[in-house]
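One file, run.pdb, is given below (PDB, C-alpha atoms).
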ATOM      1  CA  MET N   1     -30.488  25.863  73.695
ATOM      2  CA  ASN N   2     -30.416  29.258  75.407
ATOM      3  CA  GLU N   3     -29.339  32.072  73.036
ATOM      4  CA  THR N   4     -26.511  33.324  75.286
ATOM      5  CA  LEU N   5     -25.072  29.804  75.655
ATOM      6  CA  LYS N   6     -25.362  29.212  71.908
ATOM      7  CA  ARG N   7     -23.576  32.507  71.217
ATOM      8  CA  SER N   8     -20.826  31.696  73.753
ATOM      9  CA  ILE N   9     -20.164  28.207  72.344
ATOM     10  CA  SER N  10     -20.032  29.305  68.693
ATOM     11  CA  GLY N  11     -17.837  32.305  69.634
ATOM     12  CA  ALA N  12     -15.429  30.087  71.563
ATOM     13  CA  ILE N  13     -15.176  27.603  68.671
ATOM     14  CA  TYR N  14     -14.461  30.470  66.263
ATOM     15  CA  ILE N  15     -11.695  31.933  68.472
ATOM     16  CA  ILE N  16     -10.071  28.532  69.153
ATOM     17  CA  LEU N  17     -10.130  27.643  65.446
ATOM     18  CA  LEU N  18      -8.708  31.029  64.502
ATOM     19  CA  LEU N  19      -5.898  31.008  67.082
ATOM     20  CA  ALA N  20      -5.009  27.367  66.414
ATOM     21  CA  SER N  21      -4.687  27.942  62.663
ATOM     22  CA  ILE N  22      -2.596  31.109  63.143
ATOM     23  CA  LEU N  23      -0.241  29.498  65.662
ATOM     24  CA  TYR N  24       0.145  26.118  63.925
ATOM     25  CA  SER N  25       1.648  27.370  60.663
ATOM     26  CA  SER N  26       1.333  29.953  57.911
ATOM     27  CA  GLU N  27      -0.192  27.260  55.689
ATOM     28  CA  SER N  28      -3.003  26.423  58.132
ATOM     29  CA  PHE N  29      -3.670  30.163  58.550
ATOM     30  CA  PHE N  30      -3.907  30.681  54.775
ATOM     31  CA  ILE N  31      -6.153  27.633  54.361
ATOM     32  CA  LEU N  32      -8.552  28.753  57.107
ATOM     33  CA  PHE N  33      -8.815  32.243  55.657
ATOM     34  CA  GLY N  34      -9.277  30.736  52.215
ATOM     35  CA  ILE N  35     -12.287  28.858  53.638
ATOM     36  CA  PHE N  36     -13.483  32.059  55.342
ATOM     37  CA  LEU N  37     -13.144  33.849  51.990
ATOM     38  CA  ILE N  38     -15.339  31.277  50.223
ATOM     39  CA  ILE N  39     -18.032  31.659  52.891
ATOM     40  CA  ALA N  40     -17.719  35.465  52.827
ATOM     41  CA  ILE N  41     -18.131  35.524  49.034
ATOM     42  CA  PHE N  42     -21.191  33.268  49.316
ATOM     43  CA  GLU N  43     -22.728  35.579  51.941
ATOM     44  CA  PHE N  44     -21.860  38.758  50.032
ATOM     45  CA  CYS N  45     -23.335  37.370  46.806
ATOM     46  CA  ASN N  46     -26.568  36.745  48.718
ATOM     47  CA  LEU N  47     -26.553  40.342  49.978
ATOM     48  CA  ILE N  48     -25.979  42.015  46.608
ATOM     49  CA  GLN N  49     -27.672  39.298  44.512
ATOM     50  CA  ILE N  50     -24.997  38.183  42.058
ATOM     51  CA  ASN N  51     -24.110  34.713  40.790
ATOM     52  CA  LYS N  52     -22.294  32.719  43.482
ATOM     53  CA  THR N  53     -20.443  30.001  41.537
ATOM     54  CA  PRO N  54     -18.309  32.184  39.204
ATOM     55  CA  SER N  55     -17.700  34.616  42.074
ATOM     56  CA  ILE N  56     -16.377  31.853  44.357
ATOM     57  CA  ILE N  57     -14.196  30.387  41.583
ATOM     58  CA  PHE N  58     -12.837  33.860  40.793
ATOM     59  CA  GLY N  59     -12.130  34.508  44.486
ATOM     60  CA  ILE N  60     -10.329  31.173  44.959
ATOM     61  CA  LEU N  61      -8.158  31.745  41.867
ATOM     62  CA  ILE N  62      -7.169  35.278  42.903
ATOM     63  CA  TYR N  63      -6.542  34.362  46.558
ATOM     64  CA  THR N  64      -4.542  31.208  45.759
ATOM     65  CA  SER N  65      -2.414  32.654  42.951
ATOM     66  CA  VAL N  66      -1.570  35.925  44.731
ATOM     67  CA  THR N  67      -0.832  34.141  48.025
ATOM     68  CA  LEU N  68       1.455  31.617  46.331
ATOM     69  CA  PHE N  69       3.362  34.146  44.258
ATOM     70  CA  SER N  70       3.543  36.846  46.938
ATOM     71  CA  CYS N  71       4.254  34.876  50.096
ATOM     72  CA  TYR N  72       5.953  31.841  48.562
ATOM     73  CA  ASN N  73       7.533  33.407  45.498
ATOM     74  CA  LYS N  74      10.877  31.592  45.633
ATOM     75  CA  ILE N  75       9.372  28.301  46.846
ATOM     76  CA  THR N  76       6.803  28.358  44.023
ATOM     77  CA  THR N  77       9.508  29.071  41.416
ATOM     78  CA  ASP N  78      11.748  26.249  42.725
ATOM     79  CA  THR N  79       8.810  23.807  42.783
ATOM     80  CA  ILE N  80       7.780  24.592  39.178
ATOM     81  CA  ASN N  81      11.379  24.218  37.989
ATOM     82  CA  LYS N  82      11.739  20.906  39.826
ATOM     83  CA  ILE N  83       8.496  19.531  38.342
ATOM     84  CA  PHE N  84       9.321  20.541  34.762
ATOM     85  CA  ASN N  85      13.105  20.150  35.103
ATOM     86  CA  THR N  86      13.779  23.742  34.022
ATOM     87  CA  GLU N  87      15.747  26.695  35.338
ATOM     88  CA  PHE N  88      13.451  29.541  34.383
ATOM     89  CA  ASP N  89      12.788  32.483  36.689
ATOM     90  CA  PHE N  90       9.023  32.424  37.253
ATOM     91  CA  SER N  91       9.235  34.936  40.072
ATOM     92  CA  ILE N  92       7.307  38.186  39.781
ATOM     93  CA  ASN N  93       7.869  41.629  41.190
ATOM     94  CA  THR N  94       5.732  41.343  44.297
ATOM     95  CA  LYS N  95       6.105  45.032  45.154
ATOM     96  CA  GLN N  96       4.496  46.052  41.871
ATOM     97  CA  LEU N  97       1.734  43.481  42.343
ATOM     98  CA  ASP N  98       1.118  44.666  45.912
ATOM     99  CA  LEU N  99       0.883  48.271  44.736
ATOM    100  CA  ILE N 100      -1.660  47.440  42.024
ATOM    101  CA  LEU N 101      -3.823  45.393  44.385
ATOM    102  CA  LEU N 102      -3.549  48.049  47.108
ATOM    103  CA  VAL N 103      -4.643  50.844  44.759
ATOM    104  CA  ILE N 104      -7.659  48.788  43.622
ATOM    105  CA  SER N 105      -8.626  47.967  47.203
ATOM    106  CA  LEU N 106      -8.249  51.564  48.428
ATOM    107  CA  VAL N 107     -10.275  52.931  45.499
ATOM    108  CA  VAL N 108     -13.071  50.474  46.342
ATOM    109  CA  SER N 109     -12.756  51.432  50.033
ATOM    110  CA  ILE N 110     -13.349  55.088  49.089
ATOM    111  CA  LYS N 111     -16.283  54.006  46.925
ATOM    112  CA  SER N 112     -17.644  52.023  49.899
ATOM    113  CA  VAL N 113     -17.371  55.062  52.205
ATOM    114  CA  LEU N 114     -19.245  57.194  49.657
ATOM    115  CA  PHE N 115     -21.824  54.411  49.419
ATOM    116  CA  LEU N 116     -22.187  54.551  53.210
ATOM    117  CA  PHE N 117     -22.473  58.301  53.715
ATOM    118  CA  TYR N 118     -24.200  59.525  50.560
ATOM    119  CA  ASP N 119     -27.616  58.092  49.776
ATOM    120  CA  LYS N 120     -27.503  59.529  46.248
ATOM    121  CA  ILE N 121     -24.459  57.371  45.450
ATOM    122  CA  GLN N 122     -26.141  53.994  45.277
ATOM    123  CA  ASN N 123     -24.738  52.591  42.023
ATOM    124  CA  THR N 124     -25.748  48.945  42.043
ATOM    125  CA  SER N 125     -24.934  48.040  38.447
ATOM    126  CA  ILE N 126     -23.485  44.578  37.801
ATOM    127  CA  SER N 127     -20.006  46.011  37.201
ATOM    128  CA  SER N 128     -20.215  47.965  40.469
ATOM    129  CA  LYS N 129     -21.268  44.843  42.395
ATOM    130  CA  TYR N 130     -18.334  42.834  41.057
ATOM    131  CA  LEU N 131     -15.984  45.718  41.859
ATOM    132  CA  TYR N 132     -17.203  45.600  45.480
ATOM    133  CA  LEU N 133     -16.682  41.824  45.452
ATOM    134  CA  LEU N 134     -13.064  42.251  44.335
ATOM    135  CA  GLY N 135     -11.991  45.294  46.349
ATOM    136  CA  TYR N 136     -14.192  44.997  49.434
ATOM    137  CA  ILE N 137     -14.119  41.203  49.931
ATOM    138  CA  ILE N 138     -11.434  39.306  47.995
ATOM    139  CA  LEU N 139      -8.414  41.638  48.140
ATOM    140  CA  PRO N 140      -8.744  42.411  51.888
ATOM    141  CA  PHE N 141      -8.450  38.680  52.637
ATOM    142  CA  ILE N 142      -5.204  38.684  50.655
ATOM    143  CA  PHE N 143      -3.923  41.679  52.623
ATOM    144  CA  ILE N 144      -4.738  39.911  55.896
ATOM    145  CA  THR N 145      -2.318  37.144  54.885
ATOM    146  CA  LYS N 146       0.282  39.697  53.782
ATOM    147  CA  ILE N 147       0.087  41.579  57.093
ATOM    148  CA  SER N 148       0.928  38.358  58.934
ATOM    149  CA  PHE N 149       4.394  38.417  57.346
ATOM    150  CA  GLY N 150       5.244  41.832  58.766
ATOM    151  CA  ILE N 151       8.610  43.018  57.460
ATOM    152  CA  LYS N 152      10.285  39.611  57.038
ATOM    153  CA  ASP N 153       8.881  36.154  57.773
ATOM    154  CA  TYR N 154       5.510  34.879  58.979
ATOM    155  CA  ASN N 155       4.856  36.171  62.488
ATOM    156  CA  PRO N 156       1.673  34.895  64.190
ATOM    157  CA  LYS N 157       1.989  37.559  66.909
ATOM    158  CA  ILE N 158       1.215  40.300  64.379
ATOM    159  CA  ILE N 159      -2.113  38.886  63.244
ATOM    160  CA  ILE N 160      -3.104  37.760  66.756
ATOM    161  CA  GLY N 161      -2.298  41.253  68.036
ATOM    162  CA  LEU N 162      -4.471  42.753  65.302
ATOM    163  CA  PHE N 163      -7.425  40.517  66.200
ATOM    164  CA  ILE N 164      -7.008  41.266  69.930
ATOM    165  CA  ILE N 165      -7.252  44.991  69.169
ATOM    166  CA  ILE N 166     -10.336  44.453  66.982
ATOM    167  CA  TRP N 167     -12.042  42.336  69.659
ATOM    168  CA  THR N 168     -11.113  44.914  72.309
ATOM    169  CA  ASN N 169     -12.559  47.715  70.205
ATOM    170  CA  ASP N 170     -15.819  45.828  69.550
ATOM    171  CA  THR N 171     -16.212  44.710  73.177
ATOM    172  CA  PHE N 172     -15.578  48.065  74.842
ATOM    173  CA  ALA N 173     -17.497  50.041  72.223
ATOM    174  CA  PHE N 174     -20.478  47.856  73.194
ATOM    175  CA  ILE N 175     -19.861  48.085  76.967
ATOM    176  CA  VAL N 176     -19.245  51.845  77.037
ATOM    177  CA  GLY N 177     -22.070  52.526  74.612
ATOM    178  CA  LYS N 178     -24.516  50.456  76.631
ATOM    179  CA  SER N 179     -23.389  52.021  79.923
ATOM    180  CA  ILE N 180     -23.167  55.736  79.131
ATOM    181  CA  GLY N 181     -24.003  56.057  75.432
ATOM    182  CA  LYS N 182     -26.556  58.783  74.661
ATOM    183  CA  ASN N 183     -25.551  60.293  71.307
ATOM    184  CA  LYS N 184     -26.139  58.115  68.249
ATOM    185  CA  LEU N 185     -23.188  57.606  65.911
ATOM    186  CA  PHE N 186     -25.068  56.756  62.692
ATOM    187  CA  GLU N 187     -28.640  55.984  63.689
ATOM    188  CA  LYS N 188     -30.148  55.285  60.281
ATOM    189  CA  ILE N 189     -27.641  52.495  59.617
ATOM    190  CA  SER N 190     -26.820  51.175  63.105
ATOM    191  CA  PRO N 191     -29.242  52.474  65.776
ATOM    192  CA  LYS N 192     -27.328  50.902  68.693
ATOM    193  CA  LYS N 193     -23.933  52.485  67.993
ATOM    194  CA  THR N 194     -23.140  55.631  69.992
ATOM    195  CA  ILE N 195     -20.440  58.296  69.866
ATOM    196  CA  GLU N 196     -19.513  57.463  73.471
ATOM    197  CA  GLY N 197     -19.135  53.783  72.566
ATOM    198  CA  PHE N 198     -17.043  54.705  69.522
ATOM    199  CA  ILE N 199     -14.659  56.802  71.645
ATOM    200  CA  GLY N 200     -14.567  54.164  74.402
ATOM    201  CA  GLY N 201     -13.650  51.488  71.866
ATOM    202  CA  ILE N 202     -10.760  53.589  70.563
ATOM    203  CA  VAL N 203      -9.436  54.389  74.057
ATOM    204  CA  PHE N 204      -9.385  50.730  75.122
ATOM    205  CA  SER N 205      -7.947  49.699  71.733
ATOM    206  CA  ILE N 206      -5.031  52.069  72.306
ATOM    207  CA  LEU N 207      -4.532  50.551  75.769
ATOM    208  CA  ALA N 208      -4.600  47.066  74.198
ATOM    209  CA  GLY N 209      -2.083  48.183  71.551
ATOM    210  CA  TYR N 210       0.263  49.449  74.259
ATOM    211  CA  ILE N 211      -0.003  46.202  76.267
ATOM    212  CA  ILE N 212       0.501  44.049  73.149
ATOM    213  CA  SER N 213       3.617  45.984  72.178
ATOM    214  CA  LYS N 214       5.056  46.031  75.694
ATOM    215  CA  TYR N 215       4.292  42.511  76.922
ATOM    216  CA  TYR N 216       3.381  40.345  73.919
ATOM    217  CA  ILE N 217       5.509  41.536  70.996
ATOM    218  CA  LYS N 218       8.415  42.400  73.384
ATOM    219  CA  ALA N 219      10.494  44.457  70.983
ATOM    220  CA  SER N 220      14.203  44.934  71.639
ATOM    221  CA  PRO N 221      15.053  47.915  73.929
ATOM    222  CA  GLU N 222      16.256  50.107  71.042
ATOM    223  CA  PHE N 223      13.050  49.397  69.089
ATOM    224  CA  SER N 224      10.651  49.420  72.061
ATOM    225  CA  GLU N 225       9.435  53.036  71.810
ATOM    226  CA  LYS N 226       8.944  52.777  68.057
ATOM    227  CA  SER N 227       7.056  49.488  68.495
ATOM    228  CA  ILE N 228       4.694  51.094  71.019
ATOM    229  CA  MET N 229       3.936  53.958  68.611
ATOM    230  CA  ILE N 230       3.332  51.498  65.764
ATOM    231  CA  TRP N 231       0.819  49.468  67.779
ATOM    232  CA  ILE N 232      -0.929  52.577  69.109
ATOM    233  CA  SER N 233      -1.246  53.760  65.489
ATOM    234  CA  ILE N 234      -2.673  50.356  64.499
ATOM    235  CA  ALA N 235      -5.168  50.668  67.372
ATOM    236  CA  LEU N 236      -6.278  54.089  66.091
ATOM    237  CA  ILE N 237      -6.679  52.734  62.558
ATOM    238  CA  VAL N 238      -8.723  49.805  63.870
ATOM    239  CA  GLY N 239     -10.902  52.008  66.079
ATOM    240  CA  ILE N 240     -11.774  54.437  63.287
ATOM    241  CA  PHE N 241     -11.781  52.359  60.118
ATOM    242  CA  GLY N 242     -12.970  49.140  61.784
ATOM    243  CA  THR N 243     -16.125  50.987  62.844
ATOM    244  CA  ILE N 244     -16.584  52.329  59.305
ATOM    245  CA  GLY N 245     -16.189  48.780  57.955
ATOM    246  CA  ASP N 246     -18.841  47.565  60.394
ATOM    247  CA  LEU N 247     -21.216  50.332  59.243
ATOM    248  CA  ILE N 248     -20.616  49.587  55.547
ATOM    249  CA  GLU N 249     -21.556  45.943  56.035
ATOM    250  CA  SER N 250     -24.620  47.077  58.023
ATOM    251  CA  LYS N 251     -25.693  49.205  55.074
ATOM    252  CA  PHE N 252     -25.361  46.282  52.652
ATOM    253  CA  LYS N 253     -27.501  44.210  55.042
ATOM    254  CA  ARG N 254     -30.047  46.999  55.461
ATOM    255  CA  ILE N 255     -30.470  47.322  51.691
ATOM    256  CA  ALA N 256     -30.785  43.519  51.417
ATOM    257  CA  GLY N 257     -33.356  43.571  54.247
ATOM    258  CA  VAL N 258     -31.552  41.071  56.482
ATOM    259  CA  LYS N 259     -30.247  41.177  60.051
ATOM    260  CA  ASP N 260     -27.186  38.939  59.534
ATOM    261  CA  SER N 261     -25.012  38.135  56.517
ATOM    262  CA  GLY N 262     -25.408  34.396  57.210
ATOM    263  CA  LYS N 263     -26.202  31.726  59.789
ATOM    264  CA  ILE N 264     -22.979  29.749  59.971
ATOM    265  CA  MET N 265     -22.226  30.999  63.512
ATOM    266  CA  PRO N 266     -25.262  30.560  65.792
ATOM    267  CA  GLY N 267     -25.889  33.722  67.779
ATOM    268  CA  HIS N 268     -23.319  35.693  65.773
ATOM    269  CA  GLY N 269     -24.541  35.505  62.183
ATOM    270  CA  GLY N 270     -22.190  34.942  59.290
ATOM    271  CA  ILE N 271     -18.460  35.158  58.616
ATOM    272  CA  LEU N 272     -18.891  38.675  57.227
ATOM    273  CA  ASP N 273     -20.523  39.709  60.499
ATOM    274  CA  ARG N 274     -17.408  38.526  62.362
ATOM    275  CA  LEU N 275     -14.814  39.858  59.908
ATOM    276  CA  ASP N 276     -16.426  43.078  58.630
ATOM    277  CA  SER N 277     -14.002  45.248  60.642
ATOM    278  CA  VAL N 278     -10.793  43.408  59.774
ATOM    279  CA  ILE N 279     -11.484  43.149  56.032
ATOM    280  CA  PHE N 280     -12.007  46.911  55.764
ATOM    281  CA  VAL N 281      -9.002  47.680  57.971
ATOM    282  CA  ALA N 282      -6.551  45.206  56.364
ATOM    283  CA  PRO N 283      -5.620  47.236  53.225
ATOM    284  CA  ILE N 284      -5.171  50.389  55.329
ATOM    285  CA  ILE N 285      -2.867  48.623  57.808
ATOM    286  CA  PHE N 286      -0.933  47.123  54.885
ATOM    287  CA  LEU N 287      -0.539  50.660  53.480
ATOM    288  CA  PHE N 288       0.623  51.799  56.933
ATOM    289  CA  TYR N 289       3.276  49.037  56.920
ATOM    290  CA  GLN N 290       4.476  50.105  53.464
ATOM    291  CA  ILE N 291       4.815  53.719  54.607
ATOM    292  CA  LEU N 292       6.785  52.571  57.672
ATOM    293  CA  ASN N 293       9.116  50.471  55.504
ATOM    294  CA  TYR N 294       9.635  53.358  53.073
ATOM    295  CA  VAL N 295      10.373  55.856  55.859
ATOM    296  CA  SER N 296      12.750  53.484  57.659
TER     297      SER N 296
END

So that I can check it, write out the structure of this file as structure tokens.
Amino acid sequence: MNETLKRSISGAIYIILLLASILYSSESFFILFGIFLIIAIFEFCNLIQINKTPSIIFGILIYTSVTLFSCYNKITTDTINKIFNTEFDFSINTKQLDLILLVISLVVSIKSVLFLFYDKIQNTSISSKYLYLLGYIILPFIFITKISFGIKDYNPKIIIGLFIIIWTNDTFAFIVGKSIGKNKLFEKISPKKTIEGFIGGIVFSILAGYIISKYYIKASPEFSEKSIMIWISIALIVGIFGTIGDLIESKFKRIAGVKDSGKIMPGHGGILDRLDSVIFVAPIIFLFYQILNYVS
């Protein structure tokens, strides 16, 4: 099969599966991203050479327990009480849990940025590898599910909007970079990325954010201007930090001596290759949401 056709088919299947799971229900969305998490852990363990089985079990336990208690806190409590015929309050303070997980993830994000930009900071001890696994892989998947709830209930438009901005950024960074790109962004890690492509990706992401807010989210008139600013801010975050996330994964691959994180998507590579931007961006967007809620 021709490489372009293979890439197109696998890309289309990925997008259809993703959109279908998001739109069908919150449960199907969480299940799909749970499966993506398992594959991502498998791929990441191959890159940094740590034991896969305990890592996958650890990831499943963290993802499942946090998702259940954070997103379905009351439902989980009612179900446990019904099963055991009790009236105990099993609920937990999700705000405190979110804060702890966010701090861990952001600390690892800073560590990842240092790992990217400073060659002298290449701590690859076992403890460091498992810290990357937790804060760079597992927790971002949890924050992706949390973002989908926005301020109140599950809202598929939020996560679809986020993915549209990410795809827009990736697509136009490539198009602009290939068309007029002359100045390399970070040549020793990603030789094809250019400063022009980086700027082009951000500009078109902002345009996408505006269109999403205006015509897809369709906020009420009194909230319209604020909604536009929120989505433009999200576009800026995606354009800047999504690119950094892409570069960090490229560095892990370069050190491992591989082109792709996996082979599950013909023509595209692995799940990490498809989600490297969103997993790095997710904790930052979640932090942005918390700041918005606090200010409002």

Can you check which parts of region 224-260 of chain N lie within 9 Å of region 272-289 of chain N? Per residue, the shortest pair of atoms and distance in Å to one decimal, counting all atoms listed in the file, sorted by chain and number, as a Markdown table.
| residue | atom | partner | partner_atom | distance |
| --- | --- | --- | --- | --- |
| N:Ser233 | CA | N:Phe288 | CA | 9.0 |
| N:Ile234 | CA | N:Ile285 | CA | 6.9 |
| N:Ile237 | CA | N:Val281 | CA | 7.2 |
| N:Val238 | CA | N:Val281 | CA | 6.3 |
| N:Phe241 | CA | N:Val281 | CA | 5.9 |
| N:Gly242 | CA | N:Ser277 | CA | 4.2 |
| N:Thr243 | CA | N:Ser277 | CA | 6.5 |
| N:Ile244 | CA | N:Ser277 | CA | 7.7 |
| N:Gly245 | CA | N:Ser277 | CA | 4.9 |
| N:Asp246 | CA | N:Ser277 | CA | 5.4 |
| N:Leu247 | CA | N:Asp276 | CA | 8.7 |
| N:Ile248 | CA | N:Asp276 | CA | 8.3 |
| N:Glu249 | CA | N:Asp276 | CA | 6.4 |
| N:Ser250 | CA | N:Asp273 | CA | 8.8 |
| N:Asp260 | CA | N:Asp273 | CA | 6.8 |

Query raised in the report: Please, what distance in Å, to one decimal, runs between CA of Ile189 (chain N) and CA of Val113 (chain N)?
Result: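 Going from CA of Ile189 (chain N) over to CA of Val113 (chain N), I get 12.9 Å.
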
Query raised in the report: Which residue, N:Leu139, N:Val203, N:Ile126, N:Ala12, has the smallest gap to Leu99 (chain N) when you use all atoms listed in the file?
Result: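 Closest candidate: N:Leu139.
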
Query raised in the report: Just so the selection is clear, what residues does the PyMOL selection byres ((chain N and resi 263) around 12) cover here, as a list in words?
Result: Arg7, Ser10, Ile39, Ala40, Phe42, Glu43, Val258, Lys259, Asp260, Ser261, Gly262, Ile264, Met265, Pro266, Gly267, His268, Gly269, Gly270, Ile271, Leu272, Asp273 and Arg274 of chain N

Report task. List every protein, DNA or RNA residue that has at least one atom no more than 8 Å from (-23.2, 57.4, 74.3) in the file's coordinates, counting only C-alpha atoms, and write the result as an MDAnalysis selection string. Result -> chainID N and resid 176:184 194:197

Query raised in the report: Which one of N:Ile255, N:Asn46, N:Ser28, N:Leu97 sits closest to Lys188 (chain N) if you count all atoms listed in the file?
Result: N:Ile255

Report task. Provide the CA of Ser26 (chain N) to CA of Tyr154 (chain N) distance in Å, to one decimal place. Result ->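 Answer for the CA of Ser26 (chain N) to CA of Tyr154 (chain N) separation: 6.5 Å.
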
Write out, as CSV, each residue of region 95-180 of chain N that has an atom at most 12 Å from region 55-60 of chain N, together with the closest pair of atoms and their distance in Å to one decimal, counting only C-alpha atoms, rows going by chain and rising number.
residue,atom,partner,partner_atom,distance
N:Lys129,CA,N:Ser55,CA,10.8
N:Tyr130,CA,N:Ser55,CA,8.3
N:Leu131,CA,N:Ser55,CA,11.2
N:Tyr132,CA,N:Ser55,CA,11.5
N:Leu133,CA,N:Ser55,CA,8.0
N:Leu134,CA,N:Gly59,CA,7.8
N:Gly135,CA,N:Gly59,CA,10.9
N:Tyr136,CA,N:Gly59,CA,11.8
N:Ile137,CA,N:Gly59,CA,8.9
N:Ile138,CA,N:Gly59,CA,6.0
N:Leu139,CA,N:Gly59,CA,8.8
N:Pro140,CA,N:Gly59,CA,11.3
N:Phe141,CA,N:Gly59,CA,9.9
N:Ile142,CA,N:Gly59,CA,10.2

Requested in this report: To verify the selection step, state as a VMD selection string which residues the PyMOL selection byres ((chain N and resi 157-171) around 9) yields on this input.
Outcome: chain N and resid 19 22 to 23 144 to 145 147 to 150 154 to 156 172 to 176 198 200 to 206 208 to 209 212 to 213 216 to 217 231 234 to 235 238 to 239 242 to 243 277 to 278

Query raised in the report: How many Å separate CA of Ile48 (chain N) from CA of Ala256 (chain N)?
Result: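 For CA of Ile48 (chain N) relative to CA of Ala256 (chain N), the distance reads 7.0 Å.
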
Report task. Go through N:Pro54, N:Leu236, N:Ser227, N:Lys251 one by one, measure the shortest atom-to-atom distance of each to Tyr118 (chain N) using all atoms listed in the file, and give the residue with the smallest value. Result ->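 Closest residue, counting all atoms listed in the file: N:Lys251.
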